[in-house]
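**Q** Could you have a look at this structure, given as structure tokens, before my questions?
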Amino acid sequence: MVSVAVSKRRQRRPVIRAGRPPRALAGAVDERILDAARRVFLDQGLGGASIDEIARLAHAGKPTIYARFPTKEALFTAVAMRNAASVRAGFESFTPSGNTLKERLTSVATNILSRLFSSDAIDFMRLSVFEARRFPDLLNIGRMARGRAAQAVTQVLREVAQSVDLDSYPGLARASLETATQLFMDLVVARPLLRALLGEDLKQLRGETETHVARGVEFFLAACRNLEFTGSAAQRT
């Protein structure tokens, strides 16, 4: 009787096969590695980070990490790419609120700054800027991240512009929309972001966001009403 019961329990046990894990499990491992790497990079920097520590936090073996990311720099690049994709996804999924053009642009700008003013986001941007001196490829990631964010903002502005009379806002005409987007980003986003990267208190910057955005959007709309932005004009500025 005992042998029969043991035999039945053995039959019910799942069969464990060696080899590569299923795709879903492999994705979970990748996420654990990237999460752990981000924590270690933020604490220790790229130079001080240890694959041993990343493996310990990720509950993954070093061979597993090296099979996916052959160098520590490749792992750092993957973390940076994931950050950029996360920011882009936030922009692309955002729907501006409000009825007027001013309200909707205010909504867009506030959303951008609220995402950028995350402590982790700023800390990782600072780290990437610092490490770019030794690893110039990081600059390409930064450019790509800015380009993707600008594309998402351009799409939002395009949708906003379709709801207004463009004769009253020549600066938002389709032919100059990308230029208008860049000027909007420079005016409303660049200055507070630079202040954050230079170490100013994030709590204070968040508290100033409403006033800064209101002034920036007002100035931007005044320019859109009175100017038609062109590529050559943007280059001269």
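Letters A, B, ... mark the chains of the structure tokens in the order given; residue numbers begin at 1 per chain; ligand numbers begin at 1, in order shown.
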Just asking: which residues within region 188-220 of chain A are alpha helix (DSSP H) according to DSSP, as a VMD selection string?
**A** chain A and resid 191 to 197 202 to 220
**Q** Tell me which of A:Lys102, A:Ser50, A:Ala67, A:Ala89 sits closest to Val164 (chain A), counting only C-alpha atoms.
**A**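 Closest to Val164 (chain A) of all the choices is A:Lys102.
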**Q** To one decimal place in Å, what is the distance between CA of Val156 (chain A) and CA of Asp123 (chain A)?
**A** 27.1 Å
**Q** For Arg68 (chain A), find every residue with an atom within 12 Å (counting only C-alpha atoms), except residues of its own chain fewer than 3 positions away, and show them as a list in words.
**A**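 Listing them by chain and then by number gives Ala26, Gly27, Val29, Asp30, Glu31, Ile33, Leu34, Ala60, Gly61, Lys62, Pro63, Thr64, Ile65, Thr71, Lys72, Ala74, Leu75 and Ala78 of chain A.
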**Q** Create the file for the chosen residues now, containing N, CA and C atoms and written as a compact mmCIF listing (two decimals), in the first residue's frame.
**A**
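Output saved as part-v2.txt:
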# COMPACT_ATOMS: atom_id res chain seq x y z
N ALA A 26 11.77 34.10 -18.58
CA ALA A 26 13.00 34.79 -18.98
C ALA A 26 12.81 36.30 -18.87
N GLY A 27 11.62 36.79 -19.25
CA GLY A 27 11.35 38.22 -19.14
C GLY A 27 11.35 38.68 -17.70
N VAL A 29 13.12 37.35 -15.29
CA VAL A 29 14.52 37.37 -14.88
C VAL A 29 15.18 38.66 -15.36
N ASP A 30 14.93 39.02 -16.61
CA ASP A 30 15.50 40.26 -17.16
C ASP A 30 15.09 41.46 -16.32
N GLU A 31 13.81 41.52 -15.94
CA GLU A 31 13.33 42.65 -15.15
C GLU A 31 13.98 42.69 -13.78
N ILE A 33 16.94 41.56 -13.03
CA ILE A 33 18.32 41.98 -13.22
C ILE A 33 18.40 43.50 -13.43
N LEU A 34 17.52 44.02 -14.27
CA LEU A 34 17.54 45.46 -14.55
C LEU A 34 17.16 46.27 -13.32
N ALA A 60 19.96 36.07 -9.08
CA ALA A 60 20.34 35.46 -10.36
C ALA A 60 21.84 35.19 -10.34
N GLY A 61 22.25 34.17 -11.04
CA GLY A 61 23.67 33.86 -11.11
C GLY A 61 24.41 34.79 -12.06
N LYS A 62 25.70 34.96 -11.81
CA LYS A 62 26.50 35.80 -12.71
C LYS A 62 26.49 35.28 -14.15
N PRO A 63 26.56 33.96 -14.38
CA PRO A 63 26.47 33.49 -15.77
C PRO A 63 25.16 33.90 -16.45
N THR A 64 24.07 33.92 -15.67
CA THR A 64 22.77 34.35 -16.22
C THR A 64 22.82 35.80 -16.65
N ILE A 65 23.46 36.64 -15.83
CA ILE A 65 23.57 38.07 -16.17
C ILE A 65 24.45 38.25 -17.40
N THR A 71 28.78 42.88 -20.72
CA THR A 71 29.63 43.77 -19.94
C THR A 71 28.78 44.61 -18.99
N LYS A 72 29.42 45.19 -18.00
CA LYS A 72 28.72 46.06 -17.07
C LYS A 72 28.18 47.29 -17.80
N ALA A 74 27.20 47.35 -20.92
CA ALA A 74 26.01 46.92 -21.66
C ALA A 74 24.79 46.87 -20.75
N LEU A 75 25.00 46.45 -19.52
CA LEU A 75 23.91 46.41 -18.54
C LEU A 75 23.44 47.82 -18.20
N ALA A 78 21.37 49.08 -20.99
CA ALA A 78 20.03 48.48 -21.00
C ALA A 78 19.13 49.16 -19.97
**Q** Which neighbours of Ser107 (chain A) fall inside 10 Å, counting only C-alpha atoms, when residues of the same chain fewer than 5 positions from it are skipped, and could you give them as a PDB file with all heavy atoms, in the first residue's frame?
**A**
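Listing of part_32.pdb after writing:
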ATOM      1  N   PHE A  94      -0.499  59.587 -22.408  1.00  0.00           N
ATOM      2  CA  PHE A  94      -1.122  60.707 -21.700  1.00  0.00           C
ATOM      3  C   PHE A  94      -2.134  61.414 -22.592  1.00  0.00           C
ATOM      4  O   PHE A  94      -1.883  61.657 -23.776  1.00  0.00           O
ATOM      5  CB  PHE A  94      -0.041  61.703 -21.257  1.00  0.00           C
ATOM      6  CG  PHE A  94      -0.587  62.959 -20.646  1.00  0.00           C
ATOM      7  CD1 PHE A  94      -1.152  62.946 -19.383  1.00  0.00           C
ATOM      8  CD2 PHE A  94      -0.557  64.158 -21.341  1.00  0.00           C
ATOM      9  CE1 PHE A  94      -1.658  64.094 -18.810  1.00  0.00           C
ATOM     10  CE2 PHE A  94      -1.047  65.314 -20.781  1.00  0.00           C
ATOM     11  CZ  PHE A  94      -1.595  65.282 -19.512  1.00  0.00           C
ATOM     12  N   THR A  95      -3.271  61.744 -22.029  1.00  0.00           N
ATOM     13  CA  THR A  95      -4.293  62.521 -22.725  1.00  0.00           C
ATOM     14  C   THR A  95      -4.463  63.850 -22.009  1.00  0.00           C
ATOM     15  O   THR A  95      -4.818  63.867 -20.821  1.00  0.00           O
ATOM     16  CB  THR A  95      -5.640  61.778 -22.744  1.00  0.00           C
ATOM     17  OG1 THR A  95      -5.473  60.514 -23.390  1.00  0.00           O
ATOM     18  CG2 THR A  95      -6.694  62.599 -23.477  1.00  0.00           C
ATOM     19  N   PRO A  96      -4.200  64.975 -22.678  1.00  0.00           N
ATOM     20  CA  PRO A  96      -4.305  66.273 -21.997  1.00  0.00           C
ATOM     21  C   PRO A  96      -5.733  66.586 -21.596  1.00  0.00           C
ATOM     22  O   PRO A  96      -6.682  66.238 -22.293  1.00  0.00           O
ATOM     23  CB  PRO A  96      -3.783  67.256 -23.055  1.00  0.00           C
ATOM     24  CG  PRO A  96      -3.969  66.568 -24.363  1.00  0.00           C
ATOM     25  CD  PRO A  96      -3.793  65.111 -24.089  1.00  0.00           C
ATOM     26  N   SER A  97      -5.873  67.248 -20.464  1.00  0.00           N
ATOM     27  CA  SER A  97      -7.193  67.638 -19.973  1.00  0.00           C
ATOM     28  C   SER A  97      -7.426  69.119 -20.241  1.00  0.00           C
ATOM     29  O   SER A  97      -6.502  69.875 -20.541  1.00  0.00           O
ATOM     30  CB  SER A  97      -7.298  67.350 -18.473  1.00  0.00           C
ATOM     31  OG  SER A  97      -6.314  68.087 -17.761  1.00  0.00           O
ATOM     32  N   GLY A  98      -8.684  69.543 -20.130  1.00  0.00           N
ATOM     33  CA  GLY A  98      -9.023  70.944 -20.328  1.00  0.00           C
ATOM     34  C   GLY A  98      -9.768  71.168 -21.628  1.00  0.00           C
ATOM     35  O   GLY A  98      -9.746  70.333 -22.540  1.00  0.00           O
ATOM     36  N   LEU A 101      -7.046  75.765 -25.389  1.00  0.00           N
ATOM     37  CA  LEU A 101      -5.674  75.438 -25.773  1.00  0.00           C
ATOM     38  C   LEU A 101      -4.727  75.680 -24.603  1.00  0.00           C
ATOM     39  O   LEU A 101      -3.837  74.873 -24.332  1.00  0.00           O
ATOM     40  CB  LEU A 101      -5.260  76.290 -26.980  1.00  0.00           C
ATOM     41  CG  LEU A 101      -3.825  76.110 -27.485  1.00  0.00           C
ATOM     42  CD1 LEU A 101      -3.559  74.667 -27.848  1.00  0.00           C
ATOM     43  CD2 LEU A 101      -3.562  77.036 -28.666  1.00  0.00           C
ATOM     44  N   LYS A 102      -4.929  76.762 -23.893  1.00  0.00           N
ATOM     45  CA  LYS A 102      -4.080  77.080 -22.745  1.00  0.00           C
ATOM     46  C   LYS A 102      -4.172  75.989 -21.683  1.00  0.00           C
ATOM     47  O   LYS A 102      -3.150  75.540 -21.130  1.00  0.00           O
ATOM     48  CB  LYS A 102      -4.482  78.430 -22.152  1.00  0.00           C
ATOM     49  CG  LYS A 102      -3.676  78.838 -20.937  1.00  0.00           C
ATOM     50  CD  LYS A 102      -4.119  80.204 -20.426  1.00  0.00           C
ATOM     51  CE  LYS A 102      -3.342  80.595 -19.179  1.00  0.00           C
ATOM     52  NZ  LYS A 102      -3.759  81.934 -18.667  1.00  0.00           N
ATOM     53  N   ILE A 112       4.674  66.422 -18.063  1.00  0.00           N
ATOM     54  CA  ILE A 112       6.085  66.193 -18.394  1.00  0.00           C
ATOM     55  C   ILE A 112       6.964  66.426 -17.168  1.00  0.00           C
ATOM     56  O   ILE A 112       7.799  65.591 -16.802  1.00  0.00           O
ATOM     57  CB  ILE A 112       6.528  67.112 -19.544  1.00  0.00           C
ATOM     58  CG1 ILE A 112       5.813  66.741 -20.834  1.00  0.00           C
ATOM     59  CG2 ILE A 112       8.044  67.028 -19.740  1.00  0.00           C
ATOM     60  CD1 ILE A 112       6.039  67.729 -21.954  1.00  0.00           C
ATOM     61  N   VAL A 213       4.880  76.773 -15.140  1.00  0.00           N
ATOM     62  CA  VAL A 213       4.150  76.297 -16.315  1.00  0.00           C
ATOM     63  C   VAL A 213       3.175  77.360 -16.809  1.00  0.00           C
ATOM     64  O   VAL A 213       3.064  77.599 -18.021  1.00  0.00           O
ATOM     65  CB  VAL A 213       3.417  74.983 -16.000  1.00  0.00           C
ATOM     66  CG1 VAL A 213       2.433  74.628 -17.109  1.00  0.00           C
ATOM     67  CG2 VAL A 213       4.418  73.842 -15.815  1.00  0.00           C
TER      68      VAL A 213
END
**Q** Excluding same-chain residues fewer than 2 positions from Leu194 (chain A), what lies within 12 Å of it counting only C-alpha atoms, as a list in words?
**A**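 Once the nearby chain positions are removed, what remains is Leu113, Leu116, Phe117, Ile122, Met125, Arg126, Val129, Asp186, Leu187, Val188, Val189, Ala190, Arg191, Pro192, Ala196, Leu197, Leu198, Gly199, Glu200, Asp201, Leu202 and Leu205 of chain A.
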**Q** Kindly indicate which residue among A:Ser86, A:Asn226, A:Thr209, A:Ser128 lies nearest to Ser114 (chain A), using only C-alpha atoms for the distances.
**A**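 Checking each candidate against Ser114 (chain A), we get A:Thr209 as the closest.
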**Q** Which residue out of A:Arg215, A:Lys203, A:Arg104, A:Arg32 has the minimum interatomic distance to Val160 (chain A) when only C-alpha atoms are used?
**A**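 So, comparing all the options, the nearest one is A:Arg104.
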**Q** I'd like to know which of A:Arg56, A:Gly207, A:Gly216, A:Gly47 is closest to Arg134 (chain A), using only C-alpha atoms.
**A**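 Comparing A:Arg56, A:Gly207, A:Gly216, A:Gly47 against Arg134 (chain A), the winner is A:Gly47.
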**Q** Hey, which of A:Ala49, A:Cys224, A:Asn140, A:Ser168 ends up closest to Glu73 (chain A)? Count only C-alpha atoms.
**A** A:Ala49
**Q** Which residues, written as a PyMOL selection string, have at least one atom at most 10 Å from Ala150 (chain A), with only C-alpha atoms counted and residues fewer than 4 positions away on the same chain left out?
**A** chain A and resi 88+91+144-146+154-156+178+181-182+184-185
**Q** When you look at Ala223 (chain A) with a cut-off of 8 Å (counting only C-alpha atoms), what residues show up, excluding the ones that are within fewer than 4 positions of it in the same chain? I need them as a list in words.
**A**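 Residues meeting the cut-off are Gly171, Phe219 and Leu227 of chain A.
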**Q** Generate the output file for the selected residues, N, CA and C atoms, as a PDB file, in the first residue's frame.
**A**
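Wrote part.pdb, looks like this:
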ATOM      1  N   GLY A 171       2.096  79.783 -35.419  1.00  0.00           N
ATOM      2  CA  GLY A 171       3.225  79.024 -34.907  1.00  0.00           C
ATOM      3  C   GLY A 171       2.919  77.561 -34.690  1.00  0.00           C
ATOM      4  N   PHE A 219       3.587  82.615 -22.373  1.00  0.00           N
ATOM      5  CA  PHE A 219       4.592  83.180 -23.277  1.00  0.00           C
ATOM      6  C   PHE A 219       4.600  82.425 -24.602  1.00  0.00           C
ATOM      7  N   LEU A 227       4.003  84.873 -34.253  1.00  0.00           N
ATOM      8  CA  LEU A 227       5.124  84.417 -35.062  1.00  0.00           C
ATOM      9  C   LEU A 227       4.769  83.147 -35.792  1.00  0.00           C
TER      10      LEU A 227
END
**Q** Taking only C-alpha atoms into account, name the residue in A:Leu166, A:Leu157, A:Leu183, A:Leu57 that is nearest to Asp35 (chain A).
**A**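 When distances to Asp35 (chain A) are compared using only C-alpha atoms, the smallest one comes from A:Leu57.
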**Q** Grab the CA of Phe220 (chain A) to CA of Ser118 (chain A) distance for me, in Å with one decimal place.
**A**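 Going from CA of Phe220 (chain A) over to CA of Ser118 (chain A), I get 25.1 Å.
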